[in-house]
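Colleague: This is data-v2.cif (mmCIF, C-alpha atoms).
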data_data
#
loop_
_atom_site.group_PDB
_atom_site.id
_atom_site.type_symbol
_atom_site.label_atom_id
_atom_site.label_comp_id
_atom_site.auth_asym_id
_atom_site.auth_seq_id
_atom_site.Cartn_x
_atom_site.Cartn_y
_atom_site.Cartn_z
ATOM 1 C CA MET A 1 0.000 0.000 0.000
ATOM 2 C CA THR A 2 1.430 3.367 -0.936
ATOM 3 C CA PRO A 3 1.601 6.047 1.792
ATOM 4 C CA ARG A 4 -0.984 8.059 -0.107
ATOM 5 C CA ALA A 5 -3.501 5.197 -0.133
ATOM 6 C CA ALA A 6 -2.825 4.477 3.533
ATOM 7 C CA MET A 7 -3.494 8.077 4.395
ATOM 8 C CA ARG A 8 -6.710 8.048 2.406
ATOM 9 C CA THR A 9 -7.877 4.930 4.291
ATOM 10 C CA THR A 10 -7.090 6.567 7.628
ATOM 11 C CA LEU A 11 -8.916 9.736 6.642
ATOM 12 C CA ARG A 12 -11.967 7.797 5.543
ATOM 13 C CA ALA A 13 -12.005 5.823 8.814
ATOM 14 C CA ALA A 14 -11.735 9.043 10.821
ATOM 15 C CA ALA A 15 -14.580 10.630 8.860
ATOM 16 C CA GLU A 16 -16.814 7.620 9.423
ATOM 17 C CA PHE A 17 -16.022 7.601 13.145
ATOM 18 C CA LEU A 18 -16.788 11.304 13.366
ATOM 19 C CA ALA A 19 -20.114 10.895 11.562
ATOM 20 C CA TRP A 20 -21.225 8.078 13.885
ATOM 21 C CA TRP A 21 -20.011 10.055 16.939
ATOM 22 C CA THR A 22 -21.957 13.164 15.913
ATOM 23 C CA GLY A 23 -25.155 11.234 15.332
ATOM 24 C CA LEU A 24 -24.928 9.311 18.607
ATOM 25 C CA ALA A 25 -24.021 12.415 20.632
ATOM 26 C CA VAL A 26 -27.012 14.307 19.201
ATOM 27 C CA LEU A 27 -29.259 11.332 20.043
ATOM 28 C CA TRP A 28 -27.897 11.358 23.606
ATOM 29 C CA LEU A 29 -28.539 15.108 23.900
ATOM 30 C CA ILE A 30 -32.136 14.630 22.750
ATOM 31 C CA LEU A 31 -32.912 11.736 25.080
ATOM 32 C CA ILE A 32 -31.476 12.972 28.414
ATOM 33 C CA SER A 33 -33.736 14.984 30.714
ATOM 34 C CA ALA A 34 -31.366 17.687 31.993
ATOM 35 C CA VAL A 35 -28.248 19.020 30.251
ATOM 36 C CA GLY A 36 -25.169 19.530 32.457
ATOM 37 C CA PRO A 37 -21.372 19.255 32.216
ATOM 38 C CA LEU A 38 -21.350 15.739 33.661
ATOM 39 C CA GLU A 39 -24.051 14.598 31.237
ATOM 40 C CA LEU A 40 -22.086 16.070 28.333
ATOM 41 C CA ALA A 41 -18.873 14.301 29.389
ATOM 42 C CA VAL A 42 -20.598 10.949 29.844
ATOM 43 C CA GLY A 43 -22.460 11.417 26.541
ATOM 44 C CA ALA A 44 -19.278 12.165 24.614
ATOM 45 C CA THR A 45 -17.560 9.074 26.065
ATOM 46 C CA VAL A 46 -20.483 6.758 25.436
ATOM 47 C CA ALA A 47 -20.949 8.158 21.918
ATOM 48 C CA ALA A 48 -17.278 7.440 21.170
ATOM 49 C CA LEU A 49 -17.644 3.836 22.372
ATOM 50 C CA GLY A 50 -20.852 3.487 20.367
ATOM 51 C CA ALA A 51 -19.201 4.922 17.257
ATOM 52 C CA LEU A 52 -16.377 2.359 17.504
ATOM 53 C CA ALA A 53 -18.908 -0.446 17.894
ATOM 54 C CA ALA A 54 -21.048 0.867 15.020
ATOM 55 C CA ARG A 55 -18.046 1.053 12.694
ATOM 56 C CA ALA A 56 -17.002 -2.489 13.625
ATOM 57 C CA ALA A 57 -20.547 -3.723 13.013
ATOM 58 C CA ARG A 58 -20.798 -1.899 9.679
ATOM 59 C CA ARG A 59 -17.496 -3.461 8.540
ATOM 60 C CA ALA A 60 -18.637 -6.906 9.677
ATOM 61 C CA VAL A 61 -21.871 -6.564 7.662
ATOM 62 C CA THR A 62 -20.405 -5.143 4.451
ATOM 63 C CA GLY A 63 -17.233 -7.237 4.758
ATOM 64 C CA ARG A 64 -14.625 -4.524 4.145
ATOM 65 C CA MET B 1 -64.640 9.604 35.358
ATOM 66 C CA ALA B 2 -60.893 10.045 35.663
ATOM 67 C CA ASP B 3 -60.598 6.313 36.334
ATOM 68 C CA ALA B 4 -62.130 5.398 32.976
ATOM 69 C CA VAL B 5 -58.759 4.668 31.391
ATOM 70 C CA ILE B 6 -57.803 2.397 34.320
ATOM 71 C CA ILE B 7 -61.088 0.501 33.976
ATOM 72 C CA VAL B 8 -60.646 0.080 30.222
ATOM 73 C CA ALA B 9 -57.060 -1.148 30.691
ATOM 74 C CA LEU B 10 -58.140 -3.556 33.452
ATOM 75 C CA LEU B 11 -60.935 -4.993 31.301
ATOM 76 C CA LEU B 12 -58.565 -5.465 28.354
ATOM 77 C CA VAL B 13 -55.964 -7.178 30.560
ATOM 78 C CA ALA B 14 -58.644 -9.485 31.959
ATOM 79 C CA ALA B 15 -59.870 -10.330 28.448
ATOM 80 C CA ALA B 16 -56.325 -10.934 27.149
ATOM 81 C CA ALA B 17 -55.418 -13.137 30.119
ATOM 82 C CA THR B 18 -58.600 -15.202 29.697
ATOM 83 C CA THR B 19 -57.844 -15.575 25.987
ATOM 84 C CA ALA B 20 -54.282 -16.694 26.746
ATOM 85 C CA VAL B 21 -55.697 -19.453 28.937
ATOM 86 C CA LEU B 22 -58.369 -20.501 26.440
ATOM 87 C CA VAL B 23 -56.114 -20.672 23.358
ATOM 88 C CA ARG B 24 -54.643 -24.172 23.188
ATOM 89 C CA ASP B 25 -51.913 -24.008 20.510
ATOM 90 C CA PRO B 26 -48.617 -22.823 22.151
ATOM 91 C CA VAL B 27 -47.604 -20.729 19.107
ATOM 92 C CA ARG B 28 -50.857 -18.779 19.136
ATOM 93 C CA GLN B 29 -50.617 -18.573 22.917
ATOM 94 C CA ALA B 30 -47.243 -16.839 22.506
ATOM 95 C CA LEU B 31 -48.904 -14.219 20.294
ATOM 96 C CA VAL B 32 -51.660 -13.580 22.854
ATOM 97 C CA LEU B 33 -49.043 -13.422 25.635
ATOM 98 C CA ALA B 34 -47.107 -10.743 23.737
ATOM 99 C CA VAL B 35 -50.283 -8.619 23.506
ATOM 100 C CA LEU B 36 -51.017 -9.303 27.190
ATOM 101 C CA GLY B 37 -47.538 -8.093 28.186
ATOM 102 C CA VAL B 38 -47.978 -4.814 26.319
ATOM 103 C CA LEU B 39 -51.463 -4.293 27.795
ATOM 104 C CA LEU B 40 -50.112 -4.929 31.310
ATOM 105 C CA ALA B 41 -47.475 -2.246 30.726
ATOM 106 C CA VAL B 42 -50.230 0.214 29.746
ATOM 107 C CA LEU B 43 -52.184 -0.745 32.896
ATOM 108 C CA PHE B 44 -49.126 -0.131 35.095
ATOM 109 C CA THR B 45 -48.654 3.266 33.457
ATOM 110 C CA THR B 46 -52.261 4.272 34.155
ATOM 111 C CA LEU B 47 -51.697 3.234 37.773
ATOM 112 C CA GLN B 48 -48.713 5.660 37.883
ATOM 113 C CA ALA B 49 -46.073 2.915 38.057
ATOM 114 C CA PRO B 50 -43.974 3.554 34.929
ATOM 115 C CA ASP B 51 -40.889 1.816 36.344
ATOM 116 C CA VAL B 52 -42.813 -1.438 36.723
ATOM 117 C CA GLY B 53 -44.266 -0.865 33.264
ATOM 118 C CA LEU B 54 -40.786 -0.420 31.809
ATOM 119 C CA SER B 55 -39.535 -3.769 33.088
ATOM 120 C CA GLN B 56 -42.830 -5.395 32.046
ATOM 121 C CA LEU B 57 -42.325 -4.041 28.516
ATOM 122 C CA ALA B 58 -38.756 -5.319 28.335
ATOM 123 C CA VAL B 59 -39.773 -8.803 29.444
ATOM 124 C CA GLY B 60 -43.246 -9.145 27.998
ATOM 125 C CA SER B 61 -43.003 -7.727 24.487
ATOM 126 C CA ALA B 62 -39.993 -9.625 23.129
ATOM 127 C CA LEU B 63 -38.395 -11.941 25.688
ATOM 128 C CA THR B 64 -41.351 -14.130 26.713
ATOM 129 C CA PRO B 65 -42.460 -14.859 23.100
ATOM 130 C CA LEU B 66 -38.847 -15.598 22.129
ATOM 131 C CA LEU B 67 -38.415 -18.129 24.956
ATOM 132 C CA LEU B 68 -41.787 -19.762 24.197
ATOM 133 C CA LEU B 69 -41.168 -20.026 20.454
ATOM 134 C CA LEU B 70 -37.636 -21.398 20.922
ATOM 135 C CA THR B 71 -39.036 -24.045 23.276
ATOM 136 C CA VAL B 72 -41.805 -24.967 20.824
ATOM 137 C CA ARG B 73 -39.262 -25.261 18.015
ATOM 138 C CA LYS B 74 -36.967 -27.511 20.040
ATOM 139 C CA VAL B 75 -39.831 -29.776 21.147
ATOM 140 C CA ARG B 76 -41.108 -30.054 17.556
ATOM 141 C CA ARG B 77 -37.644 -30.935 16.228
ATOM 142 C CA ARG B 78 -37.161 -33.617 18.847
ATOM 143 C CA GLY B 79 -40.602 -35.048 18.064
ATOM 144 C CA ARG B 80 -39.750 -35.190 14.363
ATOM 145 C CA LYS B 81 -36.364 -36.845 14.997
ATOM 146 C CA GLU B 82 -37.762 -39.603 17.189
ATOM 147 C CA GLY B 83 -40.500 -40.150 14.652
ATOM 148 C CA PRO B 84 -43.597 -42.265 15.234
ATOM 149 C CA ARG B 85 -42.440 -43.569 18.614
ATOM 150 C CA ARG B 86 -44.090 -40.582 20.246
ATOM 151 C CA MET C 1 -59.597 13.915 32.932
ATOM 152 C CA ASN C 2 -58.439 15.970 29.969
ATOM 153 C CA GLY C 3 -58.646 15.537 26.209
ATOM 154 C CA TRP C 4 -55.369 13.635 25.948
ATOM 155 C CA ILE C 5 -56.454 10.976 28.447
ATOM 156 C CA LEU C 6 -59.855 10.784 26.764
ATOM 157 C CA ALA C 7 -58.135 10.201 23.407
ATOM 158 C CA ALA C 8 -55.908 7.544 25.043
ATOM 159 C CA THR C 9 -58.971 5.831 26.529
ATOM 160 C CA VAL C 10 -60.764 5.755 23.176
ATOM 161 C CA ALA C 11 -57.662 4.516 21.336
ATOM 162 C CA LEU C 12 -57.078 1.846 23.984
ATOM 163 C CA GLY C 13 -60.679 0.666 24.062
ATOM 164 C CA ALA C 14 -61.301 0.596 20.323
ATOM 165 C CA GLY C 15 -57.834 -0.159 18.957
ATOM 166 C CA ALA C 16 -56.503 -2.587 21.535
ATOM 167 C CA GLY C 17 -59.913 -4.272 21.707
ATOM 168 C CA ALA C 18 -59.833 -4.815 17.945
ATOM 169 C CA THR C 19 -56.262 -6.146 17.966
ATOM 170 C CA LEU C 20 -57.103 -8.429 20.888
ATOM 171 C CA TRP C 21 -59.998 -9.852 18.861
ATOM 172 C CA GLY C 22 -57.702 -10.217 15.853
ATOM 173 C CA VAL C 23 -55.014 -12.024 17.828
ATOM 174 C CA ALA C 24 -57.516 -14.376 19.474
ATOM 175 C CA THR C 25 -59.347 -15.582 16.353
ATOM 176 C CA GLY C 26 -58.736 -16.351 12.713
ATOM 177 C CA PRO C 27 -55.798 -17.810 10.793
ATOM 178 C CA LEU C 28 -52.178 -17.410 11.901
ATOM 179 C CA ARG C 29 -51.409 -14.714 9.306
ATOM 180 C CA ARG C 30 -54.060 -12.436 10.804
ATOM 181 C CA ARG C 31 -52.845 -13.068 14.327
ATOM 182 C CA VAL C 32 -49.247 -11.989 13.689
ATOM 183 C CA VAL C 33 -50.434 -8.795 11.977
ATOM 184 C CA ALA C 34 -52.738 -8.045 14.928
ATOM 185 C CA GLN C 35 -49.826 -8.558 17.354
ATOM 186 C CA ASN C 36 -47.698 -6.132 15.357
ATOM 187 C CA LEU C 37 -50.453 -3.510 15.318
ATOM 188 C CA SER C 38 -51.119 -3.907 19.053
ATOM 189 C CA THR C 39 -47.571 -2.798 19.934
ATOM 190 C CA ALA C 40 -47.849 0.284 17.690
ATOM 191 C CA LEU C 41 -51.233 1.177 19.196
ATOM 192 C CA ALA C 42 -49.980 0.742 22.754
ATOM 193 C CA CYS C 43 -47.033 2.997 21.894
ATOM 194 C CA LEU C 44 -49.457 5.726 20.765
ATOM 195 C CA VAL C 45 -51.557 5.265 23.931
ATOM 196 C CA LEU C 46 -48.436 5.632 26.085
ATOM 197 C CA LEU C 47 -47.494 8.846 24.266
ATOM 198 C CA LEU C 48 -50.991 10.266 24.804
ATOM 199 C CA LEU C 49 -50.946 9.254 28.491
ATOM 200 C CA ALA C 50 -47.548 10.915 29.011
ATOM 201 C CA GLN C 51 -49.002 14.162 27.688
ATOM 202 C CA GLY C 52 -52.266 13.685 29.600
ATOM 203 C CA TYR C 53 -50.579 13.127 32.961
ATOM 204 C CA ASP C 54 -48.120 15.950 32.143
ATOM 205 C CA ARG C 55 -45.131 13.703 32.900
ATOM 206 C CA PRO C 56 -42.553 14.014 30.085
ATOM 207 C CA SER C 57 -40.510 11.155 31.573
ATOM 208 C CA TYR C 58 -43.337 8.726 30.726
ATOM 209 C CA VAL C 59 -42.301 9.156 27.077
ATOM 210 C CA ASP C 60 -39.450 6.727 27.863
ATOM 211 C CA LEU C 61 -41.995 3.897 27.997
ATOM 212 C CA ALA C 62 -43.186 4.720 24.487
ATOM 213 C CA LEU C 63 -39.559 4.920 23.329
ATOM 214 C CA VAL C 64 -38.788 1.459 24.694
ATOM 215 C CA LEU C 65 -41.966 0.025 23.178
ATOM 216 C CA ALA C 66 -41.239 1.627 19.784
ATOM 217 C CA LEU C 67 -37.868 -0.163 19.874
ATOM 218 C CA LEU C 68 -38.930 -3.517 21.309
ATOM 219 C CA GLY C 69 -42.310 -3.950 19.600
ATOM 220 C CA PRO C 70 -40.854 -4.471 16.108
ATOM 221 C CA VAL C 71 -38.157 -6.687 17.671
ATOM 222 C CA GLY C 72 -40.893 -8.938 19.064
ATOM 223 C CA THR C 73 -42.648 -9.052 15.693
ATOM 224 C CA LEU C 74 -39.350 -9.908 13.984
ATOM 225 C CA VAL C 75 -38.965 -12.797 16.448
ATOM 226 C CA PHE C 76 -42.333 -14.125 15.257
ATOM 227 C CA ALA C 77 -41.481 -13.478 11.592
ATOM 228 C CA ARG C 78 -38.202 -15.393 11.931
ATOM 229 C CA LEU C 79 -39.360 -18.346 14.018
ATOM 230 C CA LEU C 80 -42.717 -18.809 12.259
ATOM 231 C CA ALA C 81 -41.209 -18.310 8.780
ATOM 232 C CA ASP C 82 -42.109 -21.857 7.683
ATOM 233 C CA ASP C 83 -45.744 -21.518 8.771
ATOM 234 C CA LEU C 84 -46.076 -18.054 7.253
ATOM 235 C CA ALA C 85 -44.388 -18.908 3.930
ATOM 236 C CA GLU C 86 -47.367 -21.003 2.762
ATOM 237 C CA ASP C 87 -49.873 -18.296 3.672
ATOM 238 C CA PRO C 88 -48.071 -14.927 3.842
ATOM 239 C CA PRO C 89 -49.880 -12.025 5.548
ATOM 240 C CA ARG C 90 -50.704 -9.083 3.306
ATOM 241 C CA ALA C 91 -51.949 -6.314 5.549
ATOM 242 C CA TRP C 92 -50.630 -3.038 4.235
ATOM 243 C CA GLY C 93 -54.005 -1.322 4.805
ATOM 244 C CA PRO C 94 -54.014 -1.591 8.625
ATOM 245 C CA THR C 95 -50.272 -0.885 8.714
ATOM 246 C CA TYR C 96 -50.674 2.379 6.832
ATOM 247 C CA LEU C 97 -53.682 3.232 9.024
ATOM 248 C CA VAL C 98 -51.584 2.862 12.178
ATOM 249 C CA VAL C 99 -48.650 4.702 10.586
ATOM 250 C CA GLY C 100 -50.979 7.591 9.696
ATOM 251 C CA ALA C 101 -52.437 7.641 13.216
ATOM 252 C CA GLY C 102 -48.920 7.635 14.640
ATOM 253 C CA ALA C 103 -47.879 10.569 12.461
ATOM 254 C CA ALA C 104 -51.023 12.488 13.450
ATOM 255 C CA VAL C 105 -50.551 11.854 17.198
ATOM 256 C CA VAL C 106 -46.853 12.752 17.139
ATOM 257 C CA THR C 107 -47.606 15.944 15.193
ATOM 258 C CA ALA C 108 -50.339 16.945 17.657
ATOM 259 C CA LEU C 109 -48.050 16.263 20.637
ATOM 260 C CA CYS C 110 -45.217 18.245 19.042
ATOM 261 C CA VAL C 111 -47.551 21.207 18.478
ATOM 262 C CA ALA C 112 -48.692 20.984 22.118
ATOM 263 C CA THR C 113 -45.114 20.767 23.410
ATOM 264 C CA GLY C 114 -43.662 23.526 21.256
ATOM 265 C CA PRO C 115 -40.195 23.437 19.705
ATOM 266 C CA SER C 116 -37.780 22.095 22.316
ATOM 267 C CA ARG C 117 -35.703 19.034 23.144
ATOM 268 C CA ALA C 118 -38.872 17.280 24.307
ATOM 269 C CA SER C 119 -40.493 17.617 20.890
ATOM 270 C CA ALA C 120 -37.281 16.375 19.242
ATOM 271 C CA LYS C 121 -37.529 13.308 21.484
ATOM 272 C CA LEU C 122 -41.146 12.859 20.396
ATOM 273 C CA LEU C 123 -40.026 13.015 16.769
ATOM 274 C CA VAL C 124 -37.383 10.346 17.446
ATOM 275 C CA VAL C 125 -40.047 8.119 19.009
ATOM 276 C CA GLY C 126 -42.370 8.711 16.048
ATOM 277 C CA ALA C 127 -39.657 7.901 13.508
ATOM 278 C CA LEU C 128 -38.761 4.702 15.380
ATOM 279 C CA LEU C 129 -42.444 3.737 15.612
ATOM 280 C CA ILE C 130 -43.204 4.283 11.924
ATOM 281 C CA GLY C 131 -39.940 2.843 10.606
ATOM 282 C CA GLY C 132 -40.084 -0.179 12.910
ATOM 283 C CA ASN C 133 -43.675 -0.915 11.950
ATOM 284 C CA VAL C 134 -43.002 -0.751 8.219
ATOM 285 C CA VAL C 135 -39.939 -3.003 8.581
ATOM 286 C CA ALA C 136 -41.867 -5.489 10.730
ATOM 287 C CA SER C 137 -44.788 -5.598 8.261
ATOM 288 C CA ARG C 138 -42.401 -6.167 5.379
ATOM 289 C CA ALA C 139 -40.675 -8.988 7.287
ATOM 290 C CA LEU C 140 -44.027 -10.607 8.067
ATOM 291 C CA SER C 141 -45.101 -10.596 4.408
ATOM 292 C CA GLY C 142 -41.847 -12.346 3.463
ATOM 293 C CA GLY C 143 -40.087 -9.256 2.106
ATOM 294 C CA PHE C 144 -36.722 -10.336 3.510
ATOM 295 C CA SER C 145 -36.955 -14.036 2.642
ATOM 296 C CA GLY C 146 -34.189 -13.772 0.030
ATOM 297 C CA LEU C 147 -31.950 -12.189 2.631
ATOM 298 C CA ARG C 148 -32.719 -14.962 5.087
ATOM 299 C CA ARG C 149 -31.844 -17.753 2.693
ATOM 300 C CA GLY C 150 -28.649 -16.060 1.527
#
Take the structure from the file and write it as structure tokens.
Modeller:
Amino acid sequence: MTPRAAMRTTLRAAAEFLAWWTGLAVLWLILISAVGPLELAVGATVAALGALAARAARRAVTGR
Amino acid sequence: MADAVIIVALLLVAAAATTAVLVRDPVRQALVLAVLGVLLAVLFTTLQAPDVGLSQLAVGSALTPLLLLLTVRKVRRRGRKEGPRR
Amino acid sequence: MNGWILAATVALGAGAGATLWGVATGPLRRRVVAQNLSTALACLVLLLLAQGYDRPSYVDLALVLALLGPVGTLVFARLLADDLAEDPPRAWGPTYLVVGAGAAVVTALCVATGPSRASAKLLVVGALLIGGNVVASRALSGGFSGLRRG
């Protein structure tokens, strides 16, 4: 794999992670009852974990 | 008058539970049980117990029918394998 | 007793009564459709009750039911696939009726709540309810049978 292709793969993975993270964080913000700093921190962490899991699941389904 | 919704929910739960007893086929019984679980959750909500309703929903709407249907499937398979002995 | 609870009572009595009758009698294909519709109807009743009792946290029940109801129907669609393949249910009429009722109820609740995070949550519940119901109906009528075999 050339360095250019490797970089493109990394960029694409980062973009996918970011898209999942944004969607999950927004969902968290909608579903909680009161917004506070602690809620935001927990939401960001959980959304990151969820984004990793979602990307793994998407790759397992499409097989790439 | 404010209790009308509780009465309606109670009547529906009673009817669903009676139906679940009267239906004989286990597969159809699983279907009636799924409806009964959802109706019980509505009844708990009208009685101002949403936490109980939440756990009832989790168990009654998907888990109980799944367990019942898996059991029915296993029993049927075993019956087919052993053939006419049973 | 306000209008929301009255609407919930009517929907529960008429709708759940009808689905209970449908699930108790008739051929298997009608029973699975009635079970699917009963979860959607109960979800709407829970939404109306949450507004009627003025307890926004009760919306969580409707959210859980909107998620788990289609899951339960998919359990039936998967495990009764052999029985349903000979005699597949075709019930798009009632499905679209319930989907329309769901859209109407969610719209009315959103108007009553006003634009806020609560109404966004209601919209999420409505989208889950409608999408889940359409997917479950399609699975029941054998729409995913090719996927299952492959």
Colleague: Residues of chain C were defined as contacting chain A if any atom lay at most 9 Å from it, counting all atoms listed in the file; please report them as a list in words.
Modeller: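 Here they are: Pro56, Ser57, Asp60, Arg117, Ala118, Ala120, Lys121 and Val124 of chain C.
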Colleague: If you take all atoms listed in the file and a cut-off of 7 Å, which residues of segment 70-104 of chain C touch segment 27-35 of chain C, and what are their nearest atom pairs and distances in Å to one decimal, in chain and number order, as CSV?
Modeller:
residue,atom,partner,partner_atom,distance
C:Leu84,CA,C:Arg29,CA,6.6
C:Asp87,CA,C:Arg29,CA,6.9
C:Pro88,CA,C:Arg29,CA,6.4
C:Pro89,CA,C:Arg29,CA,4.9
Colleague: Given the file above and the PyMOL selection byres ((chain B) within 7 of (chain C)), which residues are selected, and can you give them as a ChimeraX atom specification?
Modeller: /B:2,5,8,12,16,19,31-32,35,38,42,50,54,57,61-62,66,69
Colleague: Which polymer residues have any atom within 12 Å of an atom of Leu67 of chain B, counting all atoms listed in the file, with same-chain residues fewer than 3 positions away left out, as a list of chain:residue names?
Modeller: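 The contact residues come out as B:Pro26, B:Val27, B:Ala30, B:Leu33, B:Ala34, B:Val59, B:Gly60, B:Ser61, B:Ala62, B:Leu63, B:Thr64, B:Leu70, B:Thr71, B:Val72, B:Arg73, B:Lys74, C:Gly72, C:Val75, C:Phe76, C:Leu79.
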Colleague: Now that the selection is made, can you save its residues with C-alpha atoms as a PDB file, in the coordinates of the input?
Modeller:
ATOM      1  CA  PRO B  26     -48.617 -22.823  22.151  1.00  0.00           C
ATOM      2  CA  VAL B  27     -47.604 -20.729  19.107  1.00  0.00           C
ATOM      3  CA  ALA B  30     -47.243 -16.839  22.506  1.00  0.00           C
ATOM      4  CA  LEU B  33     -49.043 -13.422  25.635  1.00  0.00           C
ATOM      5  CA  ALA B  34     -47.107 -10.743  23.737  1.00  0.00           C
ATOM      6  CA  VAL B  59     -39.773  -8.803  29.444  1.00  0.00           C
ATOM      7  CA  GLY B  60     -43.246  -9.145  27.998  1.00  0.00           C
ATOM      8  CA  SER B  61     -43.003  -7.727  24.487  1.00  0.00           C
ATOM      9  CA  ALA B  62     -39.993  -9.625  23.129  1.00  0.00           C
ATOM     10  CA  LEU B  63     -38.395 -11.941  25.688  1.00  0.00           C
ATOM     11  CA  THR B  64     -41.351 -14.130  26.713  1.00  0.00           C
ATOM     12  CA  LEU B  70     -37.636 -21.398  20.922  1.00  0.00           C
ATOM     13  CA  THR B  71     -39.036 -24.045  23.276  1.00  0.00           C
ATOM     14  CA  VAL B  72     -41.805 -24.967  20.824  1.00  0.00           C
ATOM     15  CA  ARG B  73     -39.262 -25.261  18.015  1.00  0.00           C
ATOM     16  CA  LYS B  74     -36.967 -27.511  20.040  1.00  0.00           C
TER      17      LYS B  74
ATOM     18  CA  GLY C  72     -40.893  -8.938  19.064  1.00  0.00           C
ATOM     19  CA  VAL C  75     -38.965 -12.797  16.448  1.00  0.00           C
ATOM     20  CA  PHE C  76     -42.333 -14.125  15.257  1.00  0.00           C
ATOM     21  CA  LEU C  79     -39.360 -18.346  14.018  1.00  0.00           C
TER      22      LEU C  79
END
Colleague: If you apply the PyMOL selection byres ((chain C and resi 103) around 12) to this file, what residues do you get, as a list in words?
Modeller: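 Checked against the file, the PyMOL selection byres ((chain C and resi 103) around 12) matches Ala40, Leu44, Leu47, Tyr96, Leu97, Val98, Val99, Gly100, Ala101, Gly102, Ala104, Val105, Val106, Thr107, Ala108, Leu109, Cys110, Leu122, Leu123, Val124, Val125, Gly126, Ala127, Leu128, Leu129, Ile130 and Gly131 of chain C.
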Colleague: One decimal, Å: what's the distance from atom CA of Gln29 of chain B over to atom CA of Val13 of chain B, could you say?
Modeller: 14.7 Å
Colleague: Enter the distance from atom CA of Ala77 of chain C to atom CA of Leu36 of chain B, in Å, rounded to one decimal.
Modeller: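 Rounded to one decimal, the two atoms are 18.8 Å apart.
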Colleague: Check which residues satisfy the PyMOL selection byres ((chain A and resi 44) around 10) in the file shown, then give them as a PyMOL selection string.
Modeller: chain A and resi 21-22+24-26+28-29+38-43+45-50
Colleague: Hey, can you check how far atom CA of Arg55 of chain A sits from atom CA of Ser119 of chain C?
Modeller: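 Going from atom CA of Arg55 of chain A over to atom CA of Ser119 of chain C covers 29.1 Å.
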Colleague: When you look at segment 7-13 of chain A with a cut-off of 12 Å (counting all atoms listed in the file), what residues show up, excluding the ones that are within fewer than 4 positions of it in the same chain? I need them as a ChimeraX atom specification.
Modeller: /A:1-3,17-20,51-52,55-56,58-59,64
Colleague: For a quick check of understanding, using only C-alpha atoms, which of C:Leu48, C:Ala66, C:Ala85, C:Gly3 has the smallest distance to Gly142 of chain C?
Modeller: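 The closest residue to Gly142 of chain C is C:Ala85.
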Colleague: In terms of the shortest atom-to-atom distance over all atoms listed in the file, which of B:Val21, B:Ala15, B:Thr46, B:Arg78 is closest to Gly52 of chain C?
Modeller: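 Among B:Val21, B:Ala15, B:Thr46, B:Arg78, it is B:Thr46 that comes nearest to Gly52 of chain C.
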Colleague: As an mmCIF file, keeping the file's coordinate frame, please: segment 14-25 of chain B completed to N, CA and C atoms.
Modeller:
data_model
loop_
_atom_site.group_PDB
_atom_site.id
_atom_site.type_symbol
_atom_site.label_atom_id
_atom_site.label_comp_id
_atom_site.auth_asym_id
_atom_site.auth_seq_id
_atom_site.Cartn_x
_atom_site.Cartn_y
_atom_site.Cartn_z
ATOM 1 N N ALA B 14 -57.879 -8.299 31.568
ATOM 2 C CA ALA B 14 -58.644 -9.485 31.959
ATOM 3 C C ALA B 14 -59.025 -10.300 30.729
ATOM 4 N N ALA B 15 -59.483 -9.613 29.665
ATOM 5 C CA ALA B 15 -59.870 -10.330 28.448
ATOM 6 C C ALA B 15 -58.672 -11.038 27.821
ATOM 7 N N ALA B 16 -57.505 -10.327 27.766
ATOM 8 C CA ALA B 16 -56.325 -10.934 27.149
ATOM 9 C C ALA B 16 -55.850 -12.134 27.950
ATOM 10 N N ALA B 17 -55.886 -12.030 29.287
ATOM 11 C CA ALA B 17 -55.418 -13.137 30.119
ATOM 12 C C ALA B 17 -56.336 -14.345 29.956
ATOM 13 N N THR B 18 -57.663 -14.093 29.908
ATOM 14 C CA THR B 18 -58.600 -15.202 29.697
ATOM 15 C C THR B 18 -58.353 -15.864 28.349
ATOM 16 N N THR B 19 -58.119 -15.021 27.310
ATOM 17 C CA THR B 19 -57.844 -15.575 25.987
ATOM 18 C C THR B 19 -56.576 -16.428 26.000
ATOM 19 N N ALA B 20 -55.535 -15.941 26.693
ATOM 20 C CA ALA B 20 -54.282 -16.694 26.746
ATOM 21 C C ALA B 20 -54.499 -18.062 27.365
ATOM 22 N N VAL B 21 -55.429 -18.147 28.326
ATOM 23 C CA VAL B 21 -55.697 -19.453 28.937
ATOM 24 C C VAL B 21 -56.505 -20.329 27.981
ATOM 25 N N LEU B 22 -57.458 -19.701 27.263
ATOM 26 C CA LEU B 22 -58.369 -20.501 26.440
ATOM 27 C C LEU B 22 -57.722 -20.996 25.147
ATOM 28 N N VAL B 23 -56.764 -20.232 24.606
ATOM 29 C CA VAL B 23 -56.114 -20.672 23.358
ATOM 30 C C VAL B 23 -55.235 -21.880 23.660
ATOM 31 N N ARG B 24 -55.334 -22.940 22.843
ATOM 32 C CA ARG B 24 -54.643 -24.172 23.188
ATOM 33 C C ARG B 24 -53.282 -24.318 22.505
ATOM 34 N N ASP B 25 -53.158 -23.846 21.257
ATOM 35 C CA ASP B 25 -51.913 -24.008 20.510
ATOM 36 C C ASP B 25 -50.819 -23.107 21.105
#
